[in-house]
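Structure file coords.pdb with PDB, C-alpha atoms and all ligand atoms:
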MODEL        1
ATOM      1  CA  MET O   2     -41.793  42.354  34.485  1.00  0.00           C
ATOM      2  CA  ALA O   3     -41.155  38.643  34.234  1.00  0.00           C
ATOM      3  CA  LYS O   4     -42.175  38.685  30.570  1.00  0.00           C
ATOM      4  CA  ARG O   5     -39.758  41.523  29.809  1.00  0.00           C
ATOM      5  CA  PHE O   6     -36.962  39.664  31.518  1.00  0.00           C
ATOM      6  CA  LEU O   7     -37.661  36.576  29.401  1.00  0.00           C
ATOM      7  CA  LEU O   8     -37.608  38.672  26.224  1.00  0.00           C
ATOM      8  CA  LEU O   9     -34.240  40.069  27.199  1.00  0.00           C
ATOM      9  CA  LEU O  10     -33.030  36.627  27.986  1.00  0.00           C
ATOM     10  CA  SER O  11     -34.297  34.943  24.798  1.00  0.00           C
ATOM     11  CA  PRO O  12     -31.422  35.954  22.432  1.00  0.00           C
ATOM     12  CA  PHE O  13     -29.089  34.522  24.998  1.00  0.00           C
ATOM     13  CA  LEU O  14     -31.171  31.328  25.221  1.00  0.00           C
ATOM     14  CA  THR O  15     -31.206  30.983  21.415  1.00  0.00           C
ATOM     15  CA  THR O  16     -27.443  31.334  21.324  1.00  0.00           C
ATOM     16  CA  LEU O  17     -27.124  28.773  24.051  1.00  0.00           C
ATOM     17  CA  LEU O  18     -29.419  26.338  22.201  1.00  0.00           C
ATOM     18  CA  LEU O  19     -27.475  26.857  18.982  1.00  0.00           C
ATOM     19  CA  ALA O  20     -24.249  26.265  20.791  1.00  0.00           C
ATOM     20  CA  VAL O  21     -25.628  23.014  22.192  1.00  0.00           C
ATOM     21  CA  THR O  22     -26.831  21.913  18.746  1.00  0.00           C
ATOM     22  CA  VAL O  23     -23.451  22.638  17.164  1.00  0.00           C
ATOM     23  CA  THR O  24     -21.602  20.732  19.840  1.00  0.00           C
ATOM     24  CA  GLU O  25     -23.838  17.715  19.423  1.00  0.00           C
ATOM     25  CA  SER O  26     -23.471  17.453  15.622  1.00  0.00           C
ATOM     26  CA  GLU O  27     -20.649  15.206  14.508  1.00  0.00           C
ATOM     27  CA  ALA O  28     -17.335  16.888  13.885  1.00  0.00           C
ATOM     28  CA  TYR O  29     -15.806  16.730  10.415  1.00  0.00           C
ATOM     29  CA  ALA O  30     -12.448  15.825  11.920  1.00  0.00           C
ATOM     30  CA  THR O  31     -11.123  15.162  15.361  1.00  0.00           C
ATOM     31  CA  THR O  32      -7.528  14.997  16.435  1.00  0.00           C
ATOM     32  CA  THR O  33      -6.585  13.804  19.861  1.00  0.00           C
ATOM     33  CA  THR O  34      -3.140  13.502  21.334  1.00  0.00           C
ATOM     34  CA  PRO O  35      -2.477  10.714  21.934  1.00  0.00           C
ATOM     35  CA  TYR O  36      -5.137   9.350  19.586  1.00  0.00           C
ATOM     36  CA  GLN O  37      -7.557   6.735  20.850  1.00  0.00           C
ATOM     37  CA  GLY O  38      -6.013   3.311  20.889  1.00  0.00           C
ATOM     38  CA  TYR O  39      -2.561   4.804  20.861  1.00  0.00           C
ATOM     39  CA  LYS O  40       0.270   2.365  21.175  1.00  0.00           C
ATOM     40  CA  PRO O  41       3.969   2.984  20.867  1.00  0.00           C
ATOM     41  CA  GLU O  42       5.143   2.600  17.297  1.00  0.00           C
ATOM     42  CA  LYS O  43       6.883  -0.527  16.173  1.00  0.00           C
ATOM     43  CA  PHE O  44       9.496  -1.021  13.531  1.00  0.00           C
ATOM     44  CA  THR O  45       9.148  -4.146  11.374  1.00  0.00           C
ATOM     45  CA  HIS O  46      11.457  -5.637   8.795  1.00  0.00           C
ATOM     46  CA  LEU O  47       9.847  -8.095   6.363  1.00  0.00           C
ATOM     47  CA  HIS O  48      11.855 -10.279   4.037  1.00  0.00           C
ATOM     48  CA  PHE O  49      10.280 -12.316   1.245  1.00  0.00           C
ATOM     49  CA  TYR O  50      10.502 -13.266  -2.423  1.00  0.00           C
ATOM     50  CA  PHE O  51       8.081 -12.036  -5.077  1.00  0.00           C
ATOM     51  CA  HIS O  52       7.345 -14.389  -7.986  1.00  0.00           C
ATOM     52  CA  ASP O  53       6.110 -12.772 -11.181  1.00  0.00           C
ATOM     53  CA  VAL O  54       5.172 -15.528 -13.620  1.00  0.00           C
ATOM     54  CA  ILE O  55       4.208 -14.451 -17.128  1.00  0.00           C
ATOM     55  CA  SER O  56       4.950 -17.626 -19.100  1.00  0.00           C
ATOM     56  CA  GLY O  57       3.273 -21.024 -19.048  1.00  0.00           C
ATOM     57  CA  ASP O  58      -0.350 -21.969 -18.607  1.00  0.00           C
ATOM     58  CA  LYS O  59      -0.599 -20.644 -15.049  1.00  0.00           C
ATOM     59  CA  PRO O  60       0.677 -17.066 -15.241  1.00  0.00           C
ATOM     60  CA  THR O  61       0.312 -14.943 -12.099  1.00  0.00           C
ATOM     61  CA  ALA O  62       0.675 -11.703 -14.078  1.00  0.00           C
ATOM     62  CA  ILE O  63      -1.313 -10.969 -17.228  1.00  0.00           C
ATOM     63  CA  ARG O  64      -1.222  -8.212 -19.792  1.00  0.00           C
ATOM     64  CA  VAL O  65      -4.550  -6.384 -19.735  1.00  0.00           C
ATOM     65  CA  ALA O  66      -3.888  -3.285 -21.824  1.00  0.00           C
ATOM     66  CA  GLU O  67      -1.452  -1.695 -24.178  1.00  0.00           C
ATOM     67  CA  ALA O  68      -1.112   1.300 -26.506  1.00  0.00           C
ATOM     68  CA  PRO O  69      -1.016   0.941 -30.326  1.00  0.00           C
ATOM     69  CA  GLY O  70       2.776   1.404 -30.219  1.00  0.00           C
ATOM     70  CA  THR O  71       3.494  -0.834 -27.234  1.00  0.00           C
ATOM     71  CA  ASN O  72       4.500  -3.971 -29.133  1.00  0.00           C
ATOM     72  CA  SER O  73       6.948  -2.112 -31.344  1.00  0.00           C
ATOM     73  CA  SER O  74       8.499  -0.369 -28.342  1.00  0.00           C
ATOM     74  CA  ALA O  75      11.611  -2.082 -26.932  1.00  0.00           C
ATOM     75  CA  ILE O  76      10.586  -1.133 -23.409  1.00  0.00           C
ATOM     76  CA  LYS O  77       6.882  -1.953 -23.974  1.00  0.00           C
ATOM     77  CA  PHE O  78       5.856   1.578 -23.115  1.00  0.00           C
ATOM     78  CA  GLY O  79       2.179   1.700 -22.224  1.00  0.00           C
ATOM     79  CA  VAL O  80       1.683  -1.920 -21.262  1.00  0.00           C
ATOM     80  CA  ILE O  81      -0.432  -2.570 -18.152  1.00  0.00           C
ATOM     81  CA  MET O  82      -0.078  -5.835 -16.256  1.00  0.00           C
ATOM     82  CA  ILE O  83      -2.369  -7.125 -13.517  1.00  0.00           C
ATOM     83  CA  ALA O  84      -0.744  -9.467 -11.005  1.00  0.00           C
ATOM     84  CA  ASP O  85      -1.602 -11.769  -8.141  1.00  0.00           C
ATOM     85  CA  ASP O  86       1.953 -12.825  -7.404  1.00  0.00           C
ATOM     86  CA  PRO O  87       2.903 -15.218  -4.606  1.00  0.00           C
ATOM     87  CA  LEU O  88       5.216 -13.971  -1.868  1.00  0.00           C
ATOM     88  CA  THR O  89       7.303 -16.740  -0.319  1.00  0.00           C
ATOM     89  CA  ASP O  90       9.802 -16.971   2.511  1.00  0.00           C
ATOM     90  CA  GLY O  91      12.481 -18.436   0.230  1.00  0.00           C
ATOM     91  CA  PRO O  92      13.623 -17.887  -3.357  1.00  0.00           C
ATOM     92  CA  ASP O  93      12.235 -21.227  -4.529  1.00  0.00           C
ATOM     93  CA  PRO O  94       8.658 -20.948  -5.856  1.00  0.00           C
ATOM     94  CA  SER O  95       7.757 -24.030  -3.795  1.00  0.00           C
ATOM     95  CA  SER O  96       8.905 -22.459  -0.517  1.00  0.00           C
ATOM     96  CA  LYS O  97       6.320 -21.389   2.024  1.00  0.00           C
ATOM     97  CA  GLU O  98       3.843 -18.769   0.829  1.00  0.00           C
ATOM     98  CA  VAL O  99       3.553 -15.836   3.231  1.00  0.00           C
ATOM     99  CA  GLY O 100       1.294 -13.608   1.178  1.00  0.00           C
ATOM    100  CA  ARG O 101       0.306 -12.269  -2.230  1.00  0.00           C
ATOM    101  CA  ALA O 102       1.246  -9.147  -4.131  1.00  0.00           C
ATOM    102  CA  GLN O 103      -1.981  -8.038  -5.768  1.00  0.00           C
ATOM    103  CA  GLY O 104      -2.068  -5.064  -8.049  1.00  0.00           C
ATOM    104  CA  MET O 105      -0.684  -3.761 -11.270  1.00  0.00           C
ATOM    105  CA  TYR O 106       2.415  -2.486 -12.937  1.00  0.00           C
ATOM    106  CA  ALA O 107       2.783  -0.400 -16.054  1.00  0.00           C
ATOM    107  CA  SER O 108       5.670   0.583 -18.296  1.00  0.00           C
ATOM    108  CA  THR O 109       5.740   4.349 -17.824  1.00  0.00           C
ATOM    109  CA  ASP O 110       9.127   5.598 -18.975  1.00  0.00           C
ATOM    110  CA  LEU O 111       9.639   6.570 -22.626  1.00  0.00           C
ATOM    111  CA  LYS O 112      13.363   5.726 -22.620  1.00  0.00           C
ATOM    112  CA  ASP O 113      14.026   2.993 -20.074  1.00  0.00           C
ATOM    113  CA  LEU O 114      12.332  -0.118 -18.752  1.00  0.00           C
ATOM    114  CA  ILE O 115      10.739   1.363 -15.655  1.00  0.00           C
ATOM    115  CA  PHE O 116       7.493   0.313 -14.046  1.00  0.00           C
ATOM    116  CA  THR O 117       5.007   2.226 -11.958  1.00  0.00           C
ATOM    117  CA  MET O 118       3.968  -0.255  -9.284  1.00  0.00           C
ATOM    118  CA  VAL O 119       0.600  -0.163  -7.496  1.00  0.00           C
ATOM    119  CA  PHE O 120       0.376  -3.122  -5.126  1.00  0.00           C
ATOM    120  CA  ASN O 121      -1.369  -4.420  -2.052  1.00  0.00           C
ATOM    121  CA  LEU O 122       0.881  -6.827  -0.194  1.00  0.00           C
ATOM    122  CA  ALA O 123      -1.620  -9.146   1.511  1.00  0.00           C
ATOM    123  CA  PHE O 124      -0.036 -11.318   4.182  1.00  0.00           C
ATOM    124  CA  THR O 125      -1.410 -14.764   4.988  1.00  0.00           C
ATOM    125  CA  GLU O 126       1.034 -16.142   7.544  1.00  0.00           C
ATOM    126  CA  GLY O 127       1.823 -15.718  11.228  1.00  0.00           C
ATOM    127  CA  GLN O 128       1.134 -12.569  13.214  1.00  0.00           C
ATOM    128  CA  PHE O 129       0.495 -10.523  10.038  1.00  0.00           C
ATOM    129  CA  ASN O 130      -2.064 -12.900   8.536  1.00  0.00           C
ATOM    130  CA  GLY O 131      -4.917 -10.722   7.260  1.00  0.00           C
ATOM    131  CA  SER O 132      -2.898  -7.489   7.349  1.00  0.00           C
ATOM    132  CA  THR O 133      -1.956  -5.594   4.211  1.00  0.00           C
ATOM    133  CA  LEU O 134       0.584  -3.022   3.097  1.00  0.00           C
ATOM    134  CA  ALA O 135       0.047  -0.536   0.291  1.00  0.00           C
ATOM    135  CA  MET O 136       3.113  -0.131  -1.901  1.00  0.00           C
ATOM    136  CA  TYR O 137       3.250   2.495  -4.610  1.00  0.00           C
ATOM    137  CA  GLY O 138       6.349   3.555  -6.466  1.00  0.00           C
ATOM    138  CA  ARG O 139       8.770   3.658  -9.333  1.00  0.00           C
ATOM    139  CA  ASN O 140      10.568   0.439 -10.147  1.00  0.00           C
ATOM    140  CA  ALA O 141      13.622   0.809 -12.369  1.00  0.00           C
ATOM    141  CA  ILE O 142      13.808  -2.949 -12.886  1.00  0.00           C
ATOM    142  CA  MET O 143      17.193  -2.931 -14.621  1.00  0.00           C
ATOM    143  CA  THR O 144      18.787  -1.283 -11.584  1.00  0.00           C
ATOM    144  CA  LYS O 145      20.272  -3.592  -8.959  1.00  0.00           C
ATOM    145  CA  LEU O 146      18.521  -2.113  -5.942  1.00  0.00           C
ATOM    146  CA  ARG O 147      15.178  -0.337  -6.256  1.00  0.00           C
ATOM    147  CA  GLU O 148      13.253   1.479  -3.578  1.00  0.00           C
ATOM    148  CA  MET O 149       9.521   2.025  -3.358  1.00  0.00           C
ATOM    149  CA  PRO O 150       7.437   3.768  -0.705  1.00  0.00           C
ATOM    150  CA  ILE O 151       5.058   1.949   1.613  1.00  0.00           C
ATOM    151  CA  ILE O 152       2.236   4.433   1.912  1.00  0.00           C
ATOM    152  CA  GLY O 153      -0.160   2.722   4.312  1.00  0.00           C
ATOM    153  CA  GLY O 154      -1.551  -0.485   5.699  1.00  0.00           C
ATOM    154  CA  THR O 155      -4.390  -2.301   7.408  1.00  0.00           C
ATOM    155  CA  GLY O 156      -4.777  -4.585  10.409  1.00  0.00           C
ATOM    156  CA  ALA O 157      -1.484  -4.890  12.275  1.00  0.00           C
ATOM    157  CA  PHE O 158      -0.060  -2.405   9.771  1.00  0.00           C
ATOM    158  CA  ARG O 159      -2.480   0.483  10.351  1.00  0.00           C
ATOM    159  CA  PHE O 160      -0.697   3.828   9.960  1.00  0.00           C
ATOM    160  CA  ALA O 161       2.213   2.073   8.240  1.00  0.00           C
ATOM    161  CA  ARG O 162       4.845   4.034   6.408  1.00  0.00           C
ATOM    162  CA  GLY O 163       8.242   3.040   5.227  1.00  0.00           C
ATOM    163  CA  TYR O 164       9.975   1.665   2.178  1.00  0.00           C
ATOM    164  CA  ALA O 165      10.514  -1.519   0.226  1.00  0.00           C
ATOM    165  CA  GLN O 166      13.810  -2.494  -1.358  1.00  0.00           C
ATOM    166  CA  ALA O 167      13.640  -4.822  -4.330  1.00  0.00           C
ATOM    167  CA  GLN O 168      16.466  -6.744  -5.917  1.00  0.00           C
ATOM    168  CA  THR O 169      16.060  -9.202  -8.791  1.00  0.00           C
ATOM    169  CA  TYR O 170      17.143 -12.606  -7.581  1.00  0.00           C
ATOM    170  CA  LYS O 171      16.553 -14.572 -10.741  1.00  0.00           C
ATOM    171  CA  LEU O 172      15.216 -13.930 -14.229  1.00  0.00           C
ATOM    172  CA  VAL O 173      14.116 -16.754 -16.522  1.00  0.00           C
ATOM    173  CA  GLY O 174      12.841 -15.250 -19.746  1.00  0.00           C
ATOM    174  CA  GLN O 175      10.346 -12.694 -18.460  1.00  0.00           C
ATOM    175  CA  ASP O 176       9.586 -14.605 -15.262  1.00  0.00           C
ATOM    176  CA  ALA O 177      11.177 -12.924 -12.285  1.00  0.00           C
ATOM    177  CA  VAL O 178      11.961 -13.822  -8.704  1.00  0.00           C
ATOM    178  CA  VAL O 179      12.542 -10.616  -6.778  1.00  0.00           C
ATOM    179  CA  GLU O 180      13.904 -10.372  -3.262  1.00  0.00           C
ATOM    180  CA  TYR O 181      12.119  -7.823  -1.084  1.00  0.00           C
ATOM    181  CA  ASN O 182      13.178  -6.186   2.158  1.00  0.00           C
ATOM    182  CA  VAL O 183      10.441  -4.012   3.593  1.00  0.00           C
ATOM    183  CA  PHE O 184      11.008  -1.631   6.508  1.00  0.00           C
ATOM    184  CA  ILE O 185       8.031   0.009   8.192  1.00  0.00           C
ATOM    185  CA  TRP O 186       6.911   1.971  11.192  1.00  0.00           C
ATOM    186  CA  HIS O 187       3.365   1.066  12.228  1.00  0.00           C
TER     187      HIS O 187
HETATM  188  C1  LIG R 201       0.886  -7.239 -28.669  1.00  0.00           C
HETATM  189  O1  LIG R 201       1.499  -8.408 -28.183  1.00  0.00           O
HETATM  190  C2  LIG R 201       0.682  -9.162 -27.314  1.00  0.00           C
HETATM  191  C3  LIG R 201       1.496 -10.291 -26.714  1.00  0.00           C
HETATM  192  O2  LIG R 201       2.238 -10.946 -27.701  1.00  0.00           O
HETATM  193  C4  LIG R 201      -0.558  -9.633 -28.055  1.00  0.00           C
HETATM  194  O3  LIG R 201      -1.381 -10.355 -27.188  1.00  0.00           O
HETATM  195  C5  LIG R 201      -1.308  -8.416 -28.557  1.00  0.00           C
HETATM  196  O4  LIG R 201      -2.404  -8.805 -29.324  1.00  0.00           O
HETATM  197  C6  LIG R 201      -0.399  -7.527 -29.391  1.00  0.00           C
HETATM  198  N1  LIG R 201      -1.102  -6.297 -29.661  1.00  0.00           N
HETATM  199  C7  LIG R 201      -1.110  -5.696 -30.834  1.00  0.00           C
HETATM  200  C8  LIG R 201      -1.860  -4.411 -30.929  1.00  0.00           C
HETATM  201  O5  LIG R 201      -0.539  -6.166 -31.807  1.00  0.00           O
HETATM  202  C1  LIG R 202      -5.089 -16.750   8.187  1.00  0.00           C
HETATM  203  O1  LIG R 202      -6.353 -16.185   8.464  1.00  0.00           O
HETATM  204  C2  LIG R 202      -7.418 -16.827   7.776  1.00  0.00           C
HETATM  205  C3  LIG R 202      -8.675 -16.027   8.031  1.00  0.00           C
HETATM  206  O2  LIG R 202      -8.863 -15.762   9.388  1.00  0.00           O
HETATM  207  C4  LIG R 202      -7.516 -18.268   8.239  1.00  0.00           C
HETATM  208  O3  LIG R 202      -8.541 -18.918   7.543  1.00  0.00           O
HETATM  209  C5  LIG R 202      -6.191 -18.960   7.949  1.00  0.00           C
HETATM  210  O4  LIG R 202      -6.208 -20.270   8.454  1.00  0.00           O
HETATM  211  C6  LIG R 202      -5.046 -18.197   8.587  1.00  0.00           C
HETATM  212  N1  LIG R 202      -3.793 -18.783   8.165  1.00  0.00           N
HETATM  213  C7  LIG R 202      -2.806 -19.074   9.015  1.00  0.00           C
HETATM  214  C8  LIG R 202      -1.619 -19.688   8.406  1.00  0.00           C
HETATM  215  O5  LIG R 202      -2.876 -18.842  10.198  1.00  0.00           O
ENDMDL
END

Whole structure, structure tokens version:
Amino acid sequence: MAKRFLLLLSPFLTTLLLAVTVTESEAYATTTTPYQGYKPEKFTHLHFYFHDVISGDKPTAIRVAEAPGTNSSAIKFGVIMIADDPLTDGPDPSSKEVGRAQGMYASTDLKDLIFTMVFNLAFTEGQFNGSTLAMYGRNAIMTKLREMPIIGGTGAFRFARGYAQAQTYKLVGQDAVVEYNVFIWH
């Protein structure tokens, strides 16, 4: 009798064991509300100057690739530049460095001088030292005010999203000083 009872019970036991096994395996994704470590969101405005130096013996942006037709194109279509540009708190290159803009930009418009920008803004000063912002966007550099999305961040800027506004402050030859105002939720 006891044996028969066990037999009847066994499919149930198997199901139970399976259920336990499934629960114990790691989930592919978990969403909790509020998520662990939740803190109210903050809004931050950053203001700095971006120095893109192409000329001289210490350029901070270098040409790494081009297409066969790039040099004969007025807007240098196809050129790819890699940059490690200083970010300072003032327009003067000797003003205090607050971070670096590390990434690349490429001429990606057949008609106009427009760059696709892929940059990590790595901050090295104050409360944001060690934190980064990921900026990715279209930069119509001949336009007075350009806007690019901030698509993420690390450190103090985890979960960041927002936008960057860029305005050329000064242009000497191809060397540019660009004023940036960045607005983010994080
Ligand atoms: C295009 O111009 C750049 C910069 O002057 C030069 O380094 C490069 O060799 C040129 N490329 C071609 C294909 O002529
Ligand atoms: C920024 O952080 C780095 C690494 O922790 C540290 O070496 C450096 O002194 C810090 N800079 C400032 C200005 O606090």

What does the distance from CA of Ala68 (chain O) to atom C8 of ligand LIG 201 (chain R) come to in Å, to one decimal? 7.3 Å

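Distances from O:Ser56, O:His46, O:Phe120, O:Lys112 to Ala84 (chain O) were compared using all atoms listed in the file, and the smallest one belongs to O:Phe120.
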
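Between CA of Val80 (chain O) and CA of Asn182 (chain O) there is a distance of 26.4 Å.
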
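The space between CA of Thr133 (chain O) and CA of Tyr50 (chain O) spans 16.1 Å.
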
Just so the selection is clear, what residues does the PyMOL selection byres (((not hetatm)) within 10 of (chain R and resi 201)) cover here, as an NGL selection string? :O and (63-73 or 77 or 80)

Kindly provide, as JSON, the centre and edge lengths (Å, one decimal) of an axis-aligned box around all atoms of ligand LIG 202 (chain R) given in the file, with 5 Å on each side.
{"center_x": -5.2, "center_y": -18.0, "center_z": 8.9, "size_x": 17.2, "size_y": 14.5, "size_z": 12.7}

If you count only C-alpha atoms, which residues fall within 6 Å of Val99 (chain O), apart from same-chain ones fewer than 3 positions away, as a VMD selection string? chain O and resid 88 to 89 124 to 126

Closest atom pairs, chain O residues within 12 Å of ligand LIG 202 (chain R), only C-alpha atoms and all ligand atoms, as a tab-separated table:
residue	atom	partner	partner_atom	distance
O:Lys97	CA	R:LIG202	C8	10.3
O:Glu98	CA	R:LIG202	C8	9.4
O:Val99	CA	R:LIG202	C8	8.3
O:Gly100	CA	R:LIG202	C8	9.9
O:Ala123	CA	R:LIG202	C1	10.7
O:Phe124	CA	R:LIG202	C1	8.4
O:Thr125	CA	R:LIG202	C1	5.3
O:Glu126	CA	R:LIG202	C8	4.5
O:Gly127	CA	R:LIG202	O5	5.7
O:Gln128	CA	R:LIG202	O5	8.0
O:Phe129	CA	R:LIG202	C1	8.6
O:Asn130	CA	R:LIG202	C1	4.9
O:Gly131	CA	R:LIG202	O1	5.8
O:Ser132	CA	R:LIG202	O1	9.4
O:Gly156	CA	R:LIG202	O1	11.9

What lies within 9 Å of Met105 (chain O) using only C-alpha atoms, ignoring chain neighbours under 5 positions off, as a PyMOL selection string? chain O and resi 62+81-85+117-120

Expand the PyMOL selection byres (((chain O and resi 181) around 10) and not hetatm) into the explicit residue set it covers here, and present it as JSON, numbers by chain. {"O": [47, 48, 49, 50, 51, 88, 146, 147, 148, 165, 166, 167, 168, 169, 170, 178, 179, 180, 182, 183, 184]}

Please write the residues from the selection above to a file, keeping C-alpha atoms, as an mmCIF file, in the frame of the given file.
data_model
loop_
_atom_site.group_PDB
_atom_site.id
_atom_site.type_symbol
_atom_site.label_atom_id
_atom_site.label_comp_id
_atom_site.auth_asym_id
_atom_site.auth_seq_id
_atom_site.Cartn_x
_atom_site.Cartn_y
_atom_site.Cartn_z
ATOM 1 C CA LEU O 47 9.847 -8.095 6.363
ATOM 2 C CA HIS O 48 11.855 -10.279 4.037
ATOM 3 C CA PHE O 49 10.280 -12.316 1.245
ATOM 4 C CA TYR O 50 10.502 -13.266 -2.423
ATOM 5 C CA PHE O 51 8.081 -12.036 -5.077
ATOM 6 C CA LEU O 88 5.216 -13.971 -1.868
ATOM 7 C CA LEU O 146 18.521 -2.113 -5.942
ATOM 8 C CA ARG O 147 15.178 -0.337 -6.256
ATOM 9 C CA GLU O 148 13.253 1.479 -3.578
ATOM 10 C CA ALA O 165 10.514 -1.519 0.226
ATOM 11 C CA GLN O 166 13.810 -2.494 -1.358
ATOM 12 C CA ALA O 167 13.640 -4.822 -4.330
ATOM 13 C CA GLN O 168 16.466 -6.744 -5.917
ATOM 14 C CA THR O 169 16.060 -9.202 -8.791
ATOM 15 C CA TYR O 170 17.143 -12.606 -7.581
ATOM 16 C CA VAL O 178 11.961 -13.822 -8.704
ATOM 17 C CA VAL O 179 12.542 -10.616 -6.778
ATOM 18 C CA GLU O 180 13.904 -10.372 -3.262
ATOM 19 C CA ASN O 182 13.178 -6.186 2.158
ATOM 20 C CA VAL O 183 10.441 -4.012 3.593
ATOM 21 C CA PHE O 184 11.008 -1.631 6.508
#

For this file, the PyMOL selection byres (((chain O and resi 151) around 9) and not hetatm) selects which residues, as a PyMOL selection string? chain O and resi 134-138+149-150+152-154+161-165+183-185

Using only C-alpha atoms, which residue out of O:Thr155, O:Thr45, O:Thr61, O:Ser74 lies closest to Leu111 (chain O)? O:Ser74
